[in-house]
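To keep things clear, I will list the structure first and then write my remarks on it.
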Amino acid sequence: MPDDLAPRATHPPEHWRDHGIRVVPAAGRSGDTPETRGMNRQVAISGSRTGSSALWAGTNLIRPGEATGPHHHGALESIIYVVRGQALMRWGERLEWITRAGPGDFLLVPPWVPHQELNASDTEELHCVLVRSGPEEVVVNLEIDPVPEPEWIAPS
């Protein structure tokens, strides 16, 4: 085996049998995670649920026409992958910027950035996959007086 493909784990490969790949079936997701108004967030992977040491992953569902409460995730980076629906994302101290993302698009949310997800459709649910840079969910819900007309930022 080439050196760059050699195992670098702290445990021998035999350890991987019981501590290797883990499947969390769709029915195994849990709503036992901090809530944000307007969002049905579910956890699949976390330190406490699966022993993850560096990541949290889950899903969210936002009903047609709904907007989540403003929030941030502390020091964690977040990645949002849009599976189905049309997302609007507002961000900033007063949610002064907005962008749009659709199926197959990714959004990167830096640490500490106040943001709000909105379902752009009045008829279709918005389904997303979430990944965070830490093993446990951090949600800080905020009271923000948003600007009435945010500035549109085109996807890059």
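Quick note on naming: the chains in the structure tokens go A, B, ... in the order shown, residues restart at 1 in each chain, and ligands are numbered from 1 in order of appearance.
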task: Tell me, as a list in words, which residues lie within 6 Å of stretch 118-122 of chain A, counting only C-alpha atoms; anything in the same chain fewer than 4 positions away does not count.
output: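 Near neighbours after the sequence-gap exclusion: Pro64, Gly65, Glu66, Ala67, Gln86, Ala87, Leu88 and Leu126 of chain A.
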Dump N, CA and C atoms for the selected residues as a compact mmCIF listing (two decimals), in the first residue's frame?
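Heads up, here's the output in part04.txt:
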```txt
# COMPACT_ATOMS: atom_id res chain seq x y z
N PRO A 64 -44.11 25.59 3.84
CA PRO A 64 -44.34 26.62 2.82
C PRO A 64 -44.62 27.99 3.46
N GLY A 65 -43.93 29.00 2.93
CA GLY A 65 -44.14 30.37 3.36
C GLY A 65 -43.58 30.73 4.72
N GLU A 66 -42.94 29.79 5.42
CA GLU A 66 -42.43 30.04 6.77
C GLU A 66 -41.03 30.65 6.75
N ALA A 67 -40.71 31.35 7.82
CA ALA A 67 -39.37 31.89 8.05
C ALA A 67 -38.94 31.44 9.44
N GLN A 86 -37.03 25.91 -2.45
CA GLN A 86 -36.29 27.15 -2.71
C GLN A 86 -36.06 27.87 -1.39
N ALA A 87 -34.79 28.13 -1.08
CA ALA A 87 -34.43 28.77 0.17
C ALA A 87 -34.05 30.23 -0.08
N LEU A 88 -34.47 31.07 0.82
CA LEU A 88 -33.94 32.42 0.92
C LEU A 88 -33.17 32.46 2.23
N LEU A 126 -39.46 23.12 2.15
CA LEU A 126 -38.03 23.29 1.94
C LEU A 126 -37.32 22.25 2.80
```
- request: Name all residues at most 9 Å from A:Ala57 (count only C-alpha atoms; drop same-chain ones fewer than 4 positions away) and give them as a list in words.
  value: Gln42, Val43, Ala44, Ile45, Ser46, Val129, Leu130, Val131, Arg132, Pro135 and Glu137 of chain A
Selected residues written out, N, CA and C atoms, as a PDB file, in the first residue's frame:
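What ended up in selection13.pdb:
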```pdb
ATOM      1  N   GLN A  42     -33.701  18.174  12.818  1.00  0.00           N
ATOM      2  CA  GLN A  42     -33.479  16.840  13.369  1.00  0.00           C
ATOM      3  C   GLN A  42     -31.999  16.505  13.304  1.00  0.00           C
ATOM      4  N   VAL A  43     -31.506  15.854  14.349  1.00  0.00           N
ATOM      5  CA  VAL A  43     -30.110  15.452  14.421  1.00  0.00           C
ATOM      6  C   VAL A  43     -29.975  13.994  13.989  1.00  0.00           C
ATOM      7  N   ALA A  44     -28.923  13.717  13.211  1.00  0.00           N
ATOM      8  CA  ALA A  44     -28.585  12.345  12.831  1.00  0.00           C
ATOM      9  C   ALA A  44     -27.237  11.953  13.441  1.00  0.00           C
ATOM     10  N   ILE A  45     -26.247  12.814  13.305  1.00  0.00           N
ATOM     11  CA  ILE A  45     -24.877  12.548  13.764  1.00  0.00           C
ATOM     12  C   ILE A  45     -24.490  13.618  14.774  1.00  0.00           C
ATOM     13  N   SER A  46     -23.997  13.197  15.938  1.00  0.00           N
ATOM     14  CA  SER A  46     -23.459  14.133  16.934  1.00  0.00           C
ATOM     15  C   SER A  46     -22.550  13.349  17.874  1.00  0.00           C
ATOM     16  N   VAL A 129     -30.113  19.539   4.213  1.00  0.00           N
ATOM     17  CA  VAL A 129     -29.183  18.771   5.036  1.00  0.00           C
ATOM     18  C   VAL A 129     -28.228  19.776   5.663  1.00  0.00           C
ATOM     19  N   LEU A 130     -27.944  19.593   6.950  1.00  0.00           N
ATOM     20  CA  LEU A 130     -27.096  20.504   7.710  1.00  0.00           C
ATOM     21  C   LEU A 130     -25.857  19.775   8.213  1.00  0.00           C
ATOM     22  N   VAL A 131     -24.712  20.438   8.161  1.00  0.00           N
ATOM     23  CA  VAL A 131     -23.482  19.911   8.747  1.00  0.00           C
ATOM     24  C   VAL A 131     -22.806  21.054   9.492  1.00  0.00           C
ATOM     25  N   ARG A 132     -22.361  20.790  10.715  1.00  0.00           N
ATOM     26  CA  ARG A 132     -21.683  21.799  11.525  1.00  0.00           C
ATOM     27  C   ARG A 132     -20.285  21.303  11.912  1.00  0.00           C
ATOM     28  N   PRO A 135     -19.165  18.659  17.279  1.00  0.00           N
ATOM     29  CA  PRO A 135     -19.949  17.441  17.480  1.00  0.00           C
ATOM     30  C   PRO A 135     -21.308  17.649  18.162  1.00  0.00           C
ATOM     31  N   GLU A 137     -24.791  20.342  18.783  1.00  0.00           N
ATOM     32  CA  GLU A 137     -25.547  21.464  18.244  1.00  0.00           C
ATOM     33  C   GLU A 137     -25.407  22.688  19.143  1.00  0.00           C
TER      34      GLU A 137
END
```
- request: Quote the spacing between atom CA of A:Arg100 and atom CA of A:Pro150 in Å to one decimal place.
  value: 12.4 Å
message: Report as a list in words all protein, DNA and RNA residues lying within 9 Å of A:Leu107, evaluated on only C-alpha atoms, omitting residues in the same chain fewer than 3 positions from it.
response: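 Residues meeting the cut-off are Ser78, Ile79, Ile80, Tyr81, Val82, Met89 and Ala101 of chain A.
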- prompt: Of the candidates A:Val147, A:Met39, A:Ile62, A:Leu95, which one gets nearest to A:His115 if we count only C-alpha atoms?
  reply: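 Of A:Val147, A:Met39, A:Ile62, A:Leu95, the one nearest A:His115 is A:Leu95, counting only C-alpha atoms.
Between atom CA of A:Gly85 and atom CA of A:Asn60 the separation is 11.8 Å.
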- request: Quote the spacing between atom CA of A:Leu76 and atom CA of A:Ser53 in Å to one decimal place.
  value: 13.6 Å
query: Out of A:Glu77, A:Asp18, A:Glu143, A:Glu93, which residue has the shortest atom-to-atom distance to A:Pro114 when counting only C-alpha atoms?
result: A:Glu93
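Proximity of A:Gly47, A:Gly92, A:Gly38, A:Gly104 to A:Thr68, computed with only C-alpha atoms, is greatest for A:Gly38.
With only C-alpha atoms taken into account, the protein and nucleic acid residues at most 10 Å from stretch 33-35 of chain A (excluding it and anything under 5 positions from it in its own chain) are Asn40, Arg41, Gln42, Val43, Gly58, Gly69, Glu136, Glu137, Val138, Val139, Val140 and Asn141 of chain A.
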- request: Run DSSP on the backbone and grab whatever in chain A lands in strand (DSSP E or B); send it over as a PyMOL selection string.
  value: chain A and resi 30+40-45+56-62+67+71-72+78-84+87-91+97-101+106-109+115-119+126-132+140-141+151-152
Could the residues in this selection be written to a file with N, CA and C atoms, as a compact mmCIF listing (two decimals), in the first residue's frame?
```
# COMPACT_ATOMS: atom_id res chain seq x y z
N SER A 30 -33.42 12.36 15.20
CA SER A 30 -34.12 12.74 16.42
C SER A 30 -34.38 14.25 16.44
N ASN A 40 -38.16 22.65 11.61
CA ASN A 40 -38.16 21.32 12.19
C ASN A 40 -36.76 20.75 11.97
N ARG A 41 -35.87 20.95 12.95
CA ARG A 41 -34.49 20.49 12.84
C ARG A 41 -34.40 19.12 13.48
N GLN A 42 -33.70 18.17 12.82
CA GLN A 42 -33.48 16.84 13.37
C GLN A 42 -32.00 16.50 13.30
N VAL A 43 -31.51 15.85 14.35
CA VAL A 43 -30.11 15.45 14.42
C VAL A 43 -29.97 13.99 13.99
N ALA A 44 -28.92 13.72 13.21
CA ALA A 44 -28.58 12.34 12.83
C ALA A 44 -27.24 11.95 13.44
N ILE A 45 -26.25 12.81 13.31
CA ILE A 45 -24.88 12.55 13.76
C ILE A 45 -24.49 13.62 14.77
N TRP A 56 -21.36 17.64 13.49
CA TRP A 56 -22.78 17.45 13.77
C TRP A 56 -23.46 17.47 12.42
N ALA A 57 -24.43 16.58 12.19
CA ALA A 57 -25.17 16.58 10.93
C ALA A 57 -26.62 16.25 11.19
N GLY A 58 -27.47 16.85 10.40
CA GLY A 58 -28.89 16.61 10.53
C GLY A 58 -29.64 17.18 9.35
N THR A 59 -30.92 17.38 9.54
CA THR A 59 -31.78 17.90 8.48
C THR A 59 -32.66 19.01 9.04
N ASN A 60 -33.24 19.78 8.15
CA ASN A 60 -34.29 20.68 8.57
C ASN A 60 -35.38 20.70 7.51
N LEU A 61 -36.57 21.03 7.96
CA LEU A 61 -37.73 21.15 7.10
C LEU A 61 -38.41 22.46 7.48
N ILE A 62 -38.66 23.28 6.47
CA ILE A 62 -39.35 24.55 6.69
C ILE A 62 -40.61 24.51 5.83
N ALA A 67 -40.71 31.35 7.82
CA ALA A 67 -39.37 31.89 8.05
C ALA A 67 -38.94 31.44 9.44
N HIS A 71 -31.02 33.45 14.26
CA HIS A 71 -30.17 32.69 15.17
C HIS A 71 -28.75 32.64 14.64
N HIS A 72 -27.82 32.13 15.44
CA HIS A 72 -26.47 31.79 14.96
C HIS A 72 -26.03 30.52 15.68
N SER A 78 -21.28 26.30 9.52
CA SER A 78 -22.38 25.45 9.09
C SER A 78 -22.41 25.36 7.57
N ILE A 79 -22.78 24.19 7.09
CA ILE A 79 -23.03 23.99 5.67
C ILE A 79 -24.48 23.55 5.54
N ILE A 80 -25.19 24.18 4.63
CA ILE A 80 -26.58 23.83 4.34
C ILE A 80 -26.63 23.37 2.89
N TYR A 81 -27.17 22.19 2.66
CA TYR A 81 -27.37 21.66 1.31
C TYR A 81 -28.86 21.60 1.05
N VAL A 82 -29.32 22.26 0.00
CA VAL A 82 -30.74 22.28 -0.33
C VAL A 82 -31.08 21.02 -1.12
N VAL A 83 -31.91 20.17 -0.54
CA VAL A 83 -32.34 18.93 -1.20
C VAL A 83 -33.55 19.20 -2.09
N ARG A 84 -34.53 19.91 -1.53
CA ARG A 84 -35.77 20.17 -2.26
C ARG A 84 -36.35 21.51 -1.82
N ALA A 87 -34.79 28.13 -1.08
CA ALA A 87 -34.43 28.77 0.17
C ALA A 87 -34.05 30.23 -0.08
N LEU A 88 -34.47 31.07 0.82
CA LEU A 88 -33.94 32.42 0.92
C LEU A 88 -33.17 32.46 2.23
N MET A 89 -32.00 33.08 2.23
CA MET A 89 -31.20 33.19 3.44
C MET A 89 -30.89 34.65 3.67
N ARG A 90 -31.31 35.14 4.85
CA ARG A 90 -30.98 36.50 5.26
C ARG A 90 -29.89 36.40 6.32
N TRP A 91 -29.00 37.40 6.35
CA TRP A 91 -27.96 37.41 7.37
C TRP A 91 -27.51 38.83 7.67
N TRP A 97 -28.83 41.47 4.47
CA TRP A 97 -28.50 40.88 3.18
C TRP A 97 -29.34 39.63 2.95
N ILE A 98 -29.58 39.30 1.69
CA ILE A 98 -30.40 38.13 1.35
C ILE A 98 -29.86 37.49 0.08
N THR A 99 -29.98 36.16 -0.01
CA THR A 99 -29.63 35.43 -1.22
C THR A 99 -30.60 34.27 -1.37
N ARG A 100 -30.54 33.61 -2.52
CA ARG A 100 -31.44 32.49 -2.83
C ARG A 100 -30.61 31.26 -3.16
N ALA A 101 -31.12 30.08 -2.78
CA ALA A 101 -30.49 28.81 -3.11
C ALA A 101 -31.58 27.79 -3.42
N PHE A 106 -25.33 24.62 -2.19
CA PHE A 106 -24.78 24.64 -0.84
C PHE A 106 -24.70 26.08 -0.34
N LEU A 107 -24.90 26.28 0.94
CA LEU A 107 -24.67 27.56 1.59
C LEU A 107 -23.64 27.35 2.69
N LEU A 108 -22.70 28.26 2.82
CA LEU A 108 -21.72 28.23 3.91
C LEU A 108 -22.06 29.36 4.86
N VAL A 109 -22.28 29.03 6.12
CA VAL A 109 -22.59 30.03 7.15
C VAL A 109 -21.39 30.09 8.09
N HIS A 115 -28.39 34.71 11.19
CA HIS A 115 -29.03 34.37 9.91
C HIS A 115 -30.45 33.88 10.15
N GLN A 116 -31.18 33.82 9.05
CA GLN A 116 -32.58 33.39 9.06
C GLN A 116 -32.85 32.70 7.74
N GLU A 117 -33.41 31.49 7.82
CA GLU A 117 -33.81 30.76 6.63
C GLU A 117 -35.28 31.04 6.35
N LEU A 118 -35.62 31.20 5.07
CA LEU A 118 -37.00 31.43 4.66
C LEU A 118 -37.33 30.47 3.54
N ASN A 119 -38.53 29.93 3.55
CA ASN A 119 -39.01 29.10 2.44
C ASN A 119 -39.61 30.06 1.43
N LEU A 126 -39.46 23.12 2.15
CA LEU A 126 -38.03 23.29 1.94
C LEU A 126 -37.32 22.25 2.80
N HIS A 127 -36.55 21.35 2.15
CA HIS A 127 -35.81 20.30 2.86
C HIS A 127 -34.31 20.55 2.65
N CYS A 128 -33.56 20.55 3.76
CA CYS A 128 -32.12 20.78 3.69
C CYS A 128 -31.37 19.77 4.56
N VAL A 129 -30.11 19.54 4.21
CA VAL A 129 -29.18 18.77 5.04
C VAL A 129 -28.23 19.78 5.66
N LEU A 130 -27.94 19.59 6.95
CA LEU A 130 -27.10 20.50 7.71
C LEU A 130 -25.86 19.78 8.21
N VAL A 131 -24.71 20.44 8.16
CA VAL A 131 -23.48 19.91 8.75
C VAL A 131 -22.81 21.05 9.49
N ARG A 132 -22.36 20.79 10.71
CA ARG A 132 -21.68 21.80 11.53
C ARG A 132 -20.29 21.30 11.91
N VAL A 140 -28.09 29.67 19.08
CA VAL A 140 -28.35 30.87 19.86
C VAL A 140 -29.45 31.63 19.13
N ASN A 141 -30.68 31.55 19.67
CA ASN A 141 -31.80 32.27 19.07
C ASN A 141 -31.70 33.74 19.44
N GLU A 151 -30.62 43.88 1.11
CA GLU A 151 -29.89 43.98 -0.16
C GLU A 151 -29.68 42.58 -0.72
N TRP A 152 -30.02 42.38 -2.00
CA TRP A 152 -29.85 41.08 -2.65
C TRP A 152 -28.39 40.87 -3.00
```
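The closest residue to A:Pro146, picked from A:Gly20, A:Gly31, A:Pro70, A:Gly134 and counting only C-alpha atoms, is A:Pro70.
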Which of chain A DSSP labels helix (DSSP H, G or I), written as a compact mmCIF listing (two decimals) with N, CA, C and O atoms, in the first residue's frame:
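Okay, selection26.txt is ready:
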```
# COMPACT_ATOMS: atom_id res chain seq x y z
N ASP A 3 2.45 4.82 0.85
CA ASP A 3 2.50 5.48 2.15
C ASP A 3 1.35 6.46 2.36
O ASP A 3 0.84 6.60 3.47
N ASP A 4 0.93 7.17 1.29
CA ASP A 4 -0.12 8.16 1.47
C ASP A 4 -1.50 7.53 1.67
O ASP A 4 -2.46 8.20 2.01
N LEU A 5 -1.61 6.20 1.48
CA LEU A 5 -2.88 5.50 1.72
C LEU A 5 -2.84 4.63 2.97
O LEU A 5 -3.83 4.00 3.32
N PRO A 13 -6.44 -1.44 12.54
CA PRO A 13 -7.58 -1.62 11.64
C PRO A 13 -8.65 -2.57 12.19
O PRO A 13 -9.83 -2.39 11.88
N GLU A 14 -8.29 -3.54 13.04
CA GLU A 14 -9.30 -4.44 13.60
C GLU A 14 -10.33 -3.66 14.43
O GLU A 14 -11.49 -4.05 14.55
N HIS A 15 -9.90 -2.55 15.01
CA HIS A 15 -10.78 -1.69 15.81
C HIS A 15 -11.91 -1.11 14.94
O HIS A 15 -12.98 -0.80 15.45
N TRP A 16 -11.64 -0.98 13.65
CA TRP A 16 -12.59 -0.36 12.73
C TRP A 16 -13.86 -1.19 12.58
O TRP A 16 -14.89 -0.66 12.19
N ARG A 17 -13.79 -2.51 12.88
CA ARG A 17 -14.99 -3.34 12.73
C ARG A 17 -16.15 -2.77 13.55
O ARG A 17 -17.26 -2.62 13.06
N ASP A 18 -15.87 -2.45 14.79
CA ASP A 18 -16.92 -1.95 15.68
C ASP A 18 -16.92 -0.43 15.79
O ASP A 18 -17.85 0.15 16.35
N HIS A 19 -15.89 0.22 15.29
CA HIS A 19 -15.78 1.67 15.40
C HIS A 19 -15.47 2.29 14.03
O HIS A 19 -14.74 3.27 13.94
N ALA A 26 -32.89 6.89 8.20
CA ALA A 26 -33.76 8.06 8.22
C ALA A 26 -34.64 8.07 9.47
O ALA A 26 -34.82 9.11 10.11
N ALA A 27 -35.16 6.93 9.84
CA ALA A 27 -36.03 6.84 11.02
C ALA A 27 -35.24 7.03 12.32
O ALA A 27 -35.84 7.23 13.38
N GLY A 28 -33.91 7.01 12.25
CA GLY A 28 -33.09 7.16 13.43
C GLY A 28 -32.77 8.60 13.78
O GLY A 28 -32.14 8.87 14.80
N GLY A 47 -21.85 14.08 18.71
CA GLY A 47 -21.00 13.41 19.69
C GLY A 47 -21.80 12.55 20.63
O GLY A 47 -21.45 11.39 20.88
N SER A 48 -22.90 13.08 21.15
CA SER A 48 -23.67 12.32 22.13
C SER A 48 -24.46 11.18 21.51
O SER A 48 -24.69 10.16 22.16
N ARG A 49 -24.89 11.30 20.27
CA ARG A 49 -25.70 10.25 19.63
C ARG A 49 -24.85 9.16 18.99
O ARG A 49 -25.20 7.99 19.03
N THR A 50 -23.77 9.53 18.32
CA THR A 50 -23.01 8.55 17.54
C THR A 50 -21.53 8.52 17.86
O THR A 50 -20.79 7.76 17.24
```
